[in-house]
Amino acid sequence: DYDLDCAGDDPVGWSDVLIVRRGSSEMAPLVADRMQIQSNRQRAQLFSDGALPAGFQPAPTTRTHDLMVHAYYVGEADPSADGMRQFALRRQTLVQGAAGPEIRDVEIVRGIEDLQVQFGLDTDDDDAADIYVNPGAPELAAGGRPVSARVWLLAVAEDRESGFVDGRDWQYANHPPGWQPADTERRRVLVSKTVNLRNSRALL
């Protein structure tokens, strides 16, 4: 369910939120009022005052990277001309504003009705996913190591199709068997992708 602290643009209640945080690929100069990461081979620290954090040596002993944050969710878009509900995949991005870090919200793709995410956990320390669980699952809280993420996107047609009724079982992610969207007269396509998480041992 939508649980971002930052208010979204008409978020739907049934969609998950996927937040991706990482350091910039290239090293960055120290800049005040920008969220940055200082790191070496042993530890890393977030800061935003433009000053080298205590305990870190200047480059090249340690490295400075900008913090990159993207949050993906599904929001309601303007209805169609005949009043049909419309949806869009949206993204909130951490950007550098005039007064410091701020969140920018943009529409990415129209016609996306649902976003769902599950995490693959390695339970036998072989670096492969043994089970997939929902965000907030007790296995994650118990120290399970996530090694992959599986993402589903459900795309929906803009309008109803005369004579068409979709009776498929749309069971995926945490939707129960027999689950169907409320409007079964619009065509839908479900796509999914499983992504391996780099440096998953660093998540422990």
# chains A, B, ... in the order shown; residues from 1 in each chain; ligands from 1
$ residues_around --residues "segment 45-57 of chain A" --least-positions-apart "4" --cutoff "7 Å" --atoms "only C-alpha atoms" --output "list in words"
Leu30, Val31, Ala32, Asp33, Arg34, Met35, Gln36, Ile37, Gln38, Ser39, Thr61 and Thr62 of chain A
$ write_last_selection --atoms "N, CA, C and O atoms" --output "PDB file, in the first residue's frame"
ATOM      1  N   LEU A  30      32.169  18.332  -2.784  1.00  0.00           N
ATOM      2  CA  LEU A  30      31.400  18.668  -1.593  1.00  0.00           C
ATOM      3  C   LEU A  30      30.560  19.912  -1.866  1.00  0.00           C
ATOM      4  O   LEU A  30      31.075  20.934  -2.302  1.00  0.00           O
ATOM      5  N   VAL A  31      29.251  19.817  -1.626  1.00  0.00           N
ATOM      6  CA  VAL A  31      28.332  20.922  -1.904  1.00  0.00           C
ATOM      7  C   VAL A  31      27.393  21.075  -0.717  1.00  0.00           C
ATOM      8  O   VAL A  31      26.748  20.110  -0.291  1.00  0.00           O
ATOM      9  N   ALA A  32      27.276  22.262  -0.182  1.00  0.00           N
ATOM     10  CA  ALA A  32      26.365  22.522   0.930  1.00  0.00           C
ATOM     11  C   ALA A  32      24.917  22.397   0.478  1.00  0.00           C
ATOM     12  O   ALA A  32      24.572  22.679  -0.673  1.00  0.00           O
ATOM     13  N   ASP A  33      24.038  21.954   1.399  1.00  0.00           N
ATOM     14  CA  ASP A  33      22.598  21.811   1.161  1.00  0.00           C
ATOM     15  C   ASP A  33      22.284  20.772   0.098  1.00  0.00           C
ATOM     16  O   ASP A  33      21.240  20.841  -0.565  1.00  0.00           O
ATOM     17  N   ARG A  34      23.166  19.800  -0.082  1.00  0.00           N
ATOM     18  CA  ARG A  34      22.904  18.676  -0.982  1.00  0.00           C
ATOM     19  C   ARG A  34      23.138  17.390  -0.208  1.00  0.00           C
ATOM     20  O   ARG A  34      24.126  17.253   0.497  1.00  0.00           O
ATOM     21  N   MET A  35      22.200  16.423  -0.330  1.00  0.00           N
ATOM     22  CA  MET A  35      22.364  15.148   0.345  1.00  0.00           C
ATOM     23  C   MET A  35      23.481  14.364  -0.345  1.00  0.00           C
ATOM     24  O   MET A  35      23.400  14.087  -1.547  1.00  0.00           O
ATOM     25  N   GLN A  36      24.532  14.017   0.432  1.00  0.00           N
ATOM     26  CA  GLN A  36      25.678  13.326  -0.129  1.00  0.00           C
ATOM     27  C   GLN A  36      26.103  12.162   0.765  1.00  0.00           C
ATOM     28  O   GLN A  36      25.676  12.064   1.924  1.00  0.00           O
ATOM     29  N   ILE A  37      26.927  11.287   0.200  1.00  0.00           N
ATOM     30  CA  ILE A  37      27.436  10.124   0.905  1.00  0.00           C
ATOM     31  C   ILE A  37      28.957  10.185   0.907  1.00  0.00           C
ATOM     32  O   ILE A  37      29.567  10.358  -0.157  1.00  0.00           O
ATOM     33  N   GLN A  38      29.549  10.056   2.079  1.00  0.00           N
ATOM     34  CA  GLN A  38      30.999   9.915   2.184  1.00  0.00           C
ATOM     35  C   GLN A  38      31.289   8.474   2.588  1.00  0.00           C
ATOM     36  O   GLN A  38      30.686   7.955   3.532  1.00  0.00           O
ATOM     37  N   SER A  39      32.182   7.809   1.870  1.00  0.00           N
ATOM     38  CA  SER A  39      32.375   6.386   2.135  1.00  0.00           C
ATOM     39  C   SER A  39      33.828   5.987   1.943  1.00  0.00           C
ATOM     40  O   SER A  39      34.589   6.625   1.207  1.00  0.00           O
ATOM     41  N   THR A  61      41.459   8.838  -0.392  1.00  0.00           N
ATOM     42  CA  THR A  61      41.277   7.840   0.666  1.00  0.00           C
ATOM     43  C   THR A  61      39.804   7.517   0.859  1.00  0.00           C
ATOM     44  O   THR A  61      39.440   6.359   1.096  1.00  0.00           O
ATOM     45  N   THR A  62      38.933   8.510   0.787  1.00  0.00           N
ATOM     46  CA  THR A  62      37.487   8.292   0.816  1.00  0.00           C
ATOM     47  C   THR A  62      36.872   8.960  -0.405  1.00  0.00           C
ATOM     48  O   THR A  62      37.512   9.761  -1.092  1.00  0.00           O
TER      49      THR A  62
END
$ residues_around --residues "segment 24-29 of chain A" --least-positions-apart "3" --cutoff "8 Å" --atoms "only C-alpha atoms" --output "PyMOL selection string"
chain A and resi 63-68
$ select_by_dssp --residues "segment 100-179 of chain A" --states "alpha helix (DSSP H)" --output "short mmCIF file (atom, residue, chain, number, x, y, z; two decimals) with N, CA and C atoms, in the first residue's frame"
data_model
loop_
_atom_site.label_atom_id
_atom_site.label_comp_id
_atom_site.auth_asym_id
_atom_site.auth_seq_id
_atom_site.Cartn_x
_atom_site.Cartn_y
_atom_site.Cartn_z
N PRO A 138 7.49 -10.67 8.03
CA PRO A 138 8.30 -10.96 9.22
C PRO A 138 9.66 -11.55 8.88
N GLU A 139 9.78 -12.22 7.74
CA GLU A 139 11.08 -12.78 7.35
C GLU A 139 12.12 -11.69 7.13
N LEU A 140 11.67 -10.53 6.64
CA LEU A 140 12.59 -9.40 6.47
C LEU A 140 13.01 -8.83 7.82
N ALA A 141 12.04 -8.70 8.72
CA ALA A 141 12.35 -8.17 10.05
C ALA A 141 13.24 -9.11 10.84
#
$ select_by_dssp --residues "segment 37-202 of chain A" --states "strand (DSSP E or B)" --output "ChimeraX atom specification"
/A:37-39,44-47,63-77,86-97,100-110,112-122,131-133,145-156,188-196
$ closest_residue --among "A:Arg160, A:Gly178, A:Ser192, A:Gly120" --to "Gly83 of chain A" --atoms "only C-alpha atoms"
A:Arg160
$ residues_around --residues "Asp124 of chain A" --least-positions-apart "3" --cutoff "12 Å" --atoms "only C-alpha atoms" --output "ChimeraX atom specification"
/A:121,127-131,144-147
$ residues_around --residues "segment 9-19 of chain A" --least-positions-apart "4" --cutoff "7 Å" --atoms "only C-alpha atoms" --output "PDB file with C-alpha atoms, in the first residue's frame"
ATOM      1  CA  ASP A   1       0.000   0.000   0.000  1.00  0.00           C
ATOM      2  CA  TYR A   2       1.033   3.624  -0.524  1.00  0.00           C
ATOM      3  CA  HIS A  70      13.600   7.667  -6.677  1.00  0.00           C
ATOM      4  CA  ALA A  71      10.184   6.538  -5.378  1.00  0.00           C
ATOM      5  CA  TYR A  72       7.740   4.914  -7.833  1.00  0.00           C
ATOM      6  CA  TYR A  73       4.002   4.676  -7.205  1.00  0.00           C
ATOM      7  CA  VAL A  74       0.650   4.661  -9.028  1.00  0.00           C
ATOM      8  CA  GLY A  75      -1.575   7.723  -8.920  1.00  0.00           C
ATOM      9  CA  GLU A  76      -4.926   8.644 -10.451  1.00  0.00           C
ATOM     10  CA  ASP A 114      -0.990  -1.292 -10.324  1.00  0.00           C
ATOM     11  CA  LEU A 115       2.598  -1.663  -9.094  1.00  0.00           C
ATOM     12  CA  GLN A 116       3.516  -4.585  -6.844  1.00  0.00           C
ATOM     13  CA  VAL A 117       6.871  -5.595  -5.368  1.00  0.00           C
TER      14      VAL A 117
END
$ closest_residue --among "A:Glu158, A:Asn174, A:Val20, A:Leu153" --to "Ala137 of chain A" --atoms "only C-alpha atoms"
A:Asn174
